[in-house]
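Participant: Please see the structure below; I have some questions.
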Amino acid sequence: MMTKSMELGKRFFGEKVFGTVMGYLKKNPEQNLEKALDMVEKIAVSPNHREYARDIKAQLQENPALRQYINRVINELDENVHNHLINNFFVNASLVGVPKQTRLANELGHNVPYTILIDPTSNCNLRCRGCWAGAYEKQHSLSFEEVDRIVSEAKDLGMYFIVMSGGEPTMWPHLEELCRKHYDVAFMIYTNGTLINEDMARWMREVGNITPAISLEGDRETTDQRRGKGVYNKIMSAMEHLKENGVAFGFSITITTENAEEVYSDEFIDLMIEKGALYGWSFHYIPIGSNPDFSLMITPEQRANLIKRVREVRSKRPIQIADFWNDGELTGGCIAGGRRYFHINASGDVEPCAFVHFTIDNIKGKPLKEILANPLFKAYQQRQPFSDNLLRPCPIIDRPEMLREMISETDAQPSYEGADALLHDQKAAKMDSIAAAWGEKADQKWAEINKEAAKEKEEVHIG
């Protein structure tokens, strides 16, 4: 059993190694990158981490964009960000945190996830069309004491990467205070970016352990159409402030029938890189929340095209991109329900996913250890992955019958009035039809992917 002193020793050792690695890279990233990865591979505790280091070394030979990306991380970020965000992510959240999560999961008899998504407030200064969180009541917020307790208990369980959303998290008055107190945590916030001015970018650089993922829909016209006139210009200004201060940031896209091609075009991706974004998240539109609209759900053809396109961007552009839900192959299927993460809304209700607005628990007055053992999480984990075809990972849009089954089995209640509409009548039938259409296309794409992987494996073996 790992004692507190052993954990501190591992962190101290990891930070020393991390400092040495960063020193190598800053002096001469081109020459010393492989040496740094060799060092990471040698000191890694988890076999997965050693495998990641080996994979990165192999990819460096095949993918020049990855080397360019690492150079961007080294050269574009402030030293404070290197010393806190990057260090916290690799040392605390990975080297120290992941083995601790695994050990405690065995002791507790239930899974310990990698991260938590917390909505500190449901307040927002925008009213975006089709917002997934738009149906939550707007007057709810968690206190500093409540969020502080959640983060403290999360660290006790090995979670040093915390994600925040909303509402608009930059409207929560305690964000800076939380980051300063929990200097050993890496924070990521999903934000509309409109409130990130020069002062906010400056304190983000000073604390060094926070990275904003800024939501937009594509170009000015597409973004302002969904988010409001003038929002795009405010986002561009926010990105400029963050880049000038050396703050790590990314972008977040909701992919719809209207922007699916635009947001993965060379022009848009290159603009994000030019603005300074280091990563991007894309989420396929799900008809929940404020004024759900099935017509915004991408077609099977659009979703199939994204599989190839996302992989092209990752191999040719110096930016890291993740596509939910087409990246189920990389994550081993759905990550929700406490498997890798779960969601706490601004009322304290515990939900398996940011998009599954059902709950049987509330964080207020209840320890995190007990929350993780709740029946809805168990129902999720017993069924994951929800399909052998990892291009169909989601129990909302890919296997909706699974979601209905889990809600019925656990008697989970909707987090707000109307959240259960997708489970019944015409909306349920519509979702089943959409899932079936994608299932047919997904099975074809899955067979192609496996055939190609088998061919590559055979070529390596012969070589």
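To be explicit about the labels: the chains of the structure tokens are called A, B, and onward in the order shown, and within each one the residues are counted from 1, while ligands get numbers from 1 in the order they are shown.
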With a distance cut-off of 10 Å and only C-alpha atoms, select the neighbouring residues of stretch 255-259 of chain A, excluding the residue or stretch itself and same-chain residues fewer than 5 positions from it, and output the selection as a PyMOL selection string.

Facilitator: chain A and resi 217-219+222-223+264-265+282-286+294-299+302-303+323-324

Participant: At a cut-off of 12 Å, using only C-alpha atoms, what residues contact A:Asn71? Leave out same-chain residues fewer than 6 positions from it and give the result as a ChimeraX atom specification.

Facilitator: /A:22,25-33,64-65,77,278,318-319

Participant: Against stretch 402-416 of chain A, which residues of stretch 294-370 of chain A fall within 12 Å? For each one I want the closest pair of atoms and the distance in Å (one decimal), counting only C-alpha atoms, rows by chain and increasing residue number, as a tab-separated table.

Facilitator:
```
residue	atom	partner	partner_atom	distance
A:Gly337	CA	A:Met406	CA	10.9
A:His343	CA	A:Ser415	CA	11.7
A:Ile344	CA	A:Ser415	CA	10.8
A:Asn345	CA	A:Ser415	CA	8.9
A:Ala346	CA	A:Ser415	CA	10.8
A:Ser347	CA	A:Ser415	CA	9.1
A:Gly348	CA	A:Ser415	CA	10.3
A:Asp349	CA	A:Ser415	CA	7.2
A:Val350	CA	A:Ser415	CA	9.0
A:Glu351	CA	A:Ser415	CA	8.3
A:Pro352	CA	A:Ala412	CA	10.6
A:Cys353	CA	A:Leu403	CA	11.5
A:Ala354	CA	A:Ser415	CA	11.2
A:Phe355	CA	A:Ser415	CA	11.1
A:Val356	CA	A:Leu403	CA	8.8
A:His357	CA	A:Ser415	CA	5.3
A:Phe358	CA	A:Pro414	CA	4.4
A:Thr359	CA	A:Ala412	CA	5.3
A:Ile360	CA	A:Ala412	CA	5.1
A:Asp361	CA	A:Ala412	CA	8.8
A:Asn362	CA	A:Ser415	CA	10.6
```

Participant: Which residues are near A:Pro393? Cut-off 6 Å, only C-alpha atoms, ignore same chain within fewer than 3 positions. Put them as JSON, numbers by chain.

Facilitator: {"A": [328, 333, 334, 386, 390]}
